[in-house]
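Quick notes on the structure that follows.
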Amino acid sequence: MKIGLSFIPYSVFRSFTNYFFGNCDGFLITLISIMCFRSLSDLMCCVISKTFSSELVLRGTFKKIQILFLVGIGNLIDSQIIGTGSSLRTIIILFYIFSEVKLLLINSTILGLKLPPKLQTIVDFFCDS
């Protein structure tokens, strides 16, 4: 009987996340993975530049949580208001995937990683604008 009760918190958490974020598909997994990689990259840049502070870490963490809130709100609008599909959720996820990858590439150049010429022109374009 104890084994069955231990799964209740997990089941409640999983049900809530499925309701709020939608299906745990490749888009959502990719976004969360890239957000984790970017957070590690930010920490490496802070250590290298010796500008590490808890305020920067908290601000970055709060931004990641806010991105997940926006994905959840997009899913709720898709499922509860529009009723069919997940187009808004997918657009929000893709926007933040590309945004996180852009900042990850910028962090890579800060750390001294040599990028292929095409990627370097993209990073230079984003750094100038």
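Naming works like this for the structure tokens: A, B, ... for the chains as they're shown, residue 1 at the start of each chain, ligands 1 onward in shown order.
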Write out as a list in words which residues come within 8 Å of segment 55-66 of chain A when counting only C-alpha atoms, dropping same-chain ones fewer than 6 positions away.
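Final neighbour list, sorted by chain and number: Met35, Ser39 and Leu43 of chain A.
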Same residues, all heavy atoms, saved as a short mmCIF file (atom, residue, chain, number, x, y, z; two decimals), in the first residue's frame:
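File produced: selection_15.cif:
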```cif
data_model
loop_
_atom_site.label_atom_id
_atom_site.label_comp_id
_atom_site.auth_asym_id
_atom_site.auth_seq_id
_atom_site.Cartn_x
_atom_site.Cartn_y
_atom_site.Cartn_z
N MET A 35 17.91 25.89 -22.40
CA MET A 35 17.91 26.81 -21.26
C MET A 35 18.93 26.38 -20.21
O MET A 35 19.64 27.22 -19.64
CB MET A 35 16.51 26.92 -20.65
CG MET A 35 15.56 27.72 -21.50
SD MET A 35 13.83 27.68 -21.01
CE MET A 35 13.84 27.89 -19.28
N SER A 39 22.30 28.46 -19.15
CA SER A 39 22.59 28.82 -17.76
C SER A 39 24.01 28.42 -17.38
O SER A 39 24.73 29.20 -16.74
CB SER A 39 21.59 28.15 -16.82
OG SER A 39 20.30 28.63 -17.04
N LEU A 43 27.17 30.93 -16.40
CA LEU A 43 28.02 30.75 -15.22
C LEU A 43 29.49 30.72 -15.60
O LEU A 43 30.34 31.30 -14.92
CB LEU A 43 27.63 29.48 -14.47
CG LEU A 43 26.35 29.53 -13.68
CD1 LEU A 43 26.02 28.17 -13.10
CD2 LEU A 43 26.44 30.56 -12.57
#
```
Using only C-alpha atoms for the distances, tell me which of A:Gly74, A:Tyr10, A:Lys50, A:Arg38 is nearest to Ile93 of chain A.
A:Gly74
Go through A:Phe126, A:Ile97, A:Ile110, A:Phe16 one by one, measure the shortest atom-to-atom distance of each to Ile67 of chain A using only C-alpha atoms, and give the residue with the smallest value.
A:Ile97
For atom CA of Asn107 of chain A and atom CA of Cys36 of chain A, quote the distance in Å rounded to one decimal.
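Calculated distance between atom CA of Asn107 of chain A and atom CA of Cys36 of chain A is 13.6 Å.
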Closest contacts (segment 42-98 of chain A/segment 19-26 of chain A, max 10 Å, only C-alpha atoms) as a Markdown table:
```
| residue | atom | partner | partner_atom | distance |
| --- | --- | --- | --- | --- |
| A:Leu68 | CA | A:Phe21 | CA | 8.1 |
| A:Phe69 | CA | A:Phe21 | CA | 8.6 |
| A:Leu70 | CA | A:Phe21 | CA | 9.4 |
| A:Val71 | CA | A:Phe21 | CA | 6.5 |
| A:Gly72 | CA | A:Phe21 | CA | 4.6 |
| A:Ile73 | CA | A:Phe20 | CA | 7.5 |
| A:Gly74 | CA | A:Phe21 | CA | 8.4 |
| A:Asn75 | CA | A:Phe21 | CA | 5.9 |
| A:Leu76 | CA | A:Phe20 | CA | 6.5 |
| A:Asp78 | CA | A:Gly22 | CA | 9.5 |
| A:Ser79 | CA | A:Gly22 | CA | 8.5 |
| A:Ser86 | CA | A:Gly22 | CA | 8.4 |
| A:Arg89 | CA | A:Phe21 | CA | 8.5 |
```
Pull C-alpha atoms from the residues just selected and write them as a PDB file, in the first residue's frame.
```
ATOM      1  CA  LEU A  68       8.197  28.658 -18.932  1.00  0.00           C
ATOM      2  CA  PHE A  69       5.229  30.712 -17.686  1.00  0.00           C
ATOM      3  CA  LEU A  70       4.805  32.183 -21.172  1.00  0.00           C
ATOM      4  CA  VAL A  71       4.910  28.708 -22.723  1.00  0.00           C
ATOM      5  CA  GLY A  72       2.251  27.579 -20.276  1.00  0.00           C
ATOM      6  CA  ILE A  73       0.066  30.595 -20.986  1.00  0.00           C
ATOM      7  CA  GLY A  74       0.433  29.961 -24.715  1.00  0.00           C
ATOM      8  CA  ASN A  75      -0.665  26.369 -24.190  1.00  0.00           C
ATOM      9  CA  LEU A  76      -3.653  27.435 -22.093  1.00  0.00           C
ATOM     10  CA  ASP A  78      -4.379  27.209 -27.432  1.00  0.00           C
ATOM     11  CA  SER A  79      -6.251  24.546 -25.505  1.00  0.00           C
ATOM     12  CA  SER A  86      -0.901  24.166 -30.366  1.00  0.00           C
ATOM     13  CA  ARG A  89       2.630  27.382 -27.822  1.00  0.00           C
TER      14      ARG A  89
END
```
Residues within 12 Å of Leu119 of chain A, only C-alpha atoms, excluding chain neighbours under 2 positions, as a list in words:
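What passes the distance filter is Val101, Lys102, Leu104, Leu105, Ile106, Ser108, Thr109, Leu113, Lys114, Leu115, Pro116, Pro117, Thr121, Ile122, Val123, Asp124, Phe125 and Phe126 of chain A.
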Segment 15-125 of chain A: residues DSSP assigns to helix (DSSP H, G or I), reported as a ChimeraX atom specification:
/A:15-21,26-49,54-82,87-110,117-125
Please produce an output containing C-alpha atoms for each residue in the selection, written as an mmCIF file, in the first residue's frame.
```cif
data_model
loop_
_atom_site.group_PDB
_atom_site.id
_atom_site.type_symbol
_atom_site.label_atom_id
_atom_site.label_comp_id
_atom_site.auth_asym_id
_atom_site.auth_seq_id
_atom_site.Cartn_x
_atom_site.Cartn_y
_atom_site.Cartn_z
ATOM 1 C CA SER A 15 -0.846 15.955 -14.365
ATOM 2 C CA PHE A 16 -0.368 19.639 -13.623
ATOM 3 C CA THR A 17 2.613 19.979 -15.965
ATOM 4 C CA ASN A 18 0.750 18.188 -18.762
ATOM 5 C CA TYR A 19 -2.221 20.490 -18.294
ATOM 6 C CA PHE A 20 -0.162 23.678 -18.066
ATOM 7 C CA PHE A 21 2.654 23.030 -20.570
ATOM 8 C CA GLY A 26 10.457 17.520 -28.618
ATOM 9 C CA PHE A 27 9.946 21.288 -28.718
ATOM 10 C CA LEU A 28 9.543 21.583 -24.946
ATOM 11 C CA ILE A 29 12.386 19.175 -24.199
ATOM 12 C CA THR A 30 14.655 21.106 -26.578
ATOM 13 C CA LEU A 31 13.750 24.433 -24.970
ATOM 14 C CA ILE A 32 14.424 23.174 -21.452
ATOM 15 C CA SER A 33 17.718 21.562 -22.514
ATOM 16 C CA ILE A 34 18.951 24.705 -24.260
ATOM 17 C CA MET A 35 17.914 26.813 -21.263
ATOM 18 C CA CYS A 36 20.043 24.569 -19.024
ATOM 19 C CA PHE A 37 23.008 24.784 -21.409
ATOM 20 C CA ARG A 38 22.683 28.563 -21.559
ATOM 21 C CA SER A 39 22.588 28.819 -17.762
ATOM 22 C CA LEU A 40 25.805 26.816 -17.526
ATOM 23 C CA SER A 41 27.337 28.957 -20.244
ATOM 24 C CA ASP A 42 26.363 32.119 -18.353
ATOM 25 C CA LEU A 43 28.023 30.752 -15.219
ATOM 26 C CA MET A 44 31.197 29.978 -17.158
ATOM 27 C CA CYS A 45 31.261 33.512 -18.582
ATOM 28 C CA CYS A 46 30.767 34.976 -15.102
ATOM 29 C CA VAL A 47 33.633 32.916 -13.712
ATOM 30 C CA ILE A 48 35.958 33.842 -16.584
ATOM 31 C CA SER A 49 35.152 37.565 -16.393
ATOM 32 C CA SER A 54 24.025 36.002 -6.849
ATOM 33 C CA GLU A 55 21.860 38.791 -8.291
ATOM 34 C CA LEU A 56 22.864 37.832 -11.840
ATOM 35 C CA VAL A 57 22.173 34.166 -11.165
ATOM 36 C CA LEU A 58 18.768 34.937 -9.659
ATOM 37 C CA ARG A 59 17.859 37.266 -12.516
ATOM 38 C CA GLY A 60 18.767 34.578 -15.061
ATOM 39 C CA THR A 61 16.792 31.956 -13.167
ATOM 40 C CA PHE A 62 13.756 34.216 -12.943
ATOM 41 C CA LYS A 63 13.952 34.856 -16.696
ATOM 42 C CA LYS A 64 13.945 31.112 -17.360
ATOM 43 C CA ILE A 65 10.914 30.660 -15.096
ATOM 44 C CA GLN A 66 9.163 33.518 -16.889
ATOM 45 C CA ILE A 67 9.819 31.841 -20.248
ATOM 46 C CA LEU A 68 8.197 28.658 -18.932
ATOM 47 C CA PHE A 69 5.229 30.712 -17.686
ATOM 48 C CA LEU A 70 4.805 32.183 -21.172
ATOM 49 C CA VAL A 71 4.910 28.708 -22.723
ATOM 50 C CA GLY A 72 2.251 27.579 -20.276
ATOM 51 C CA ILE A 73 0.066 30.595 -20.986
ATOM 52 C CA GLY A 74 0.433 29.961 -24.715
ATOM 53 C CA ASN A 75 -0.665 26.369 -24.190
ATOM 54 C CA LEU A 76 -3.653 27.435 -22.093
ATOM 55 C CA ILE A 77 -4.738 29.913 -24.775
ATOM 56 C CA ASP A 78 -4.379 27.209 -27.432
ATOM 57 C CA SER A 79 -6.251 24.546 -25.505
ATOM 58 C CA GLN A 80 -8.879 26.558 -23.629
ATOM 59 C CA ILE A 81 -9.654 29.556 -25.869
ATOM 60 C CA ILE A 82 -8.750 28.493 -29.407
ATOM 61 C CA SER A 87 0.281 26.857 -32.749
ATOM 62 C CA LEU A 88 0.741 29.662 -30.207
ATOM 63 C CA ARG A 89 2.630 27.382 -27.822
ATOM 64 C CA THR A 90 4.902 26.217 -30.650
ATOM 65 C CA ILE A 91 5.591 29.779 -31.812
ATOM 66 C CA ILE A 92 6.519 30.846 -28.275
ATOM 67 C CA ILE A 93 8.779 27.831 -27.801
ATOM 68 C CA LEU A 94 10.549 28.334 -31.152
ATOM 69 C CA PHE A 95 11.069 32.041 -30.473
ATOM 70 C CA TYR A 96 12.765 31.318 -27.155
ATOM 71 C CA ILE A 97 14.768 28.395 -28.564
ATOM 72 C CA PHE A 98 16.280 30.701 -31.195
ATOM 73 C CA SER A 99 16.806 33.458 -28.635
ATOM 74 C CA GLU A 100 18.607 31.106 -26.245
ATOM 75 C CA VAL A 101 20.763 29.659 -29.042
ATOM 76 C CA LYS A 102 21.739 33.166 -30.140
ATOM 77 C CA LEU A 103 22.842 34.058 -26.616
ATOM 78 C CA LEU A 104 24.597 30.695 -26.262
ATOM 79 C CA LEU A 105 26.629 31.455 -29.393
ATOM 80 C CA ILE A 106 27.514 34.896 -28.045
ATOM 81 C CA ASN A 107 28.667 33.306 -24.777
ATOM 82 C CA SER A 108 30.764 30.842 -26.780
ATOM 83 C CA THR A 109 32.633 33.673 -28.460
ATOM 84 C CA ILE A 110 33.144 35.378 -25.085
ATOM 85 C CA PRO A 117 32.472 31.646 -40.438
ATOM 86 C CA LYS A 118 28.715 31.496 -41.110
ATOM 87 C CA LEU A 119 27.922 31.268 -37.404
ATOM 88 C CA GLN A 120 30.411 34.032 -36.673
ATOM 89 C CA THR A 121 28.668 36.387 -39.100
ATOM 90 C CA ILE A 122 25.346 35.631 -37.368
ATOM 91 C CA VAL A 123 26.876 36.325 -33.941
ATOM 92 C CA ASP A 124 28.459 39.546 -35.230
ATOM 93 C CA PHE A 125 25.115 40.639 -36.649
#
```
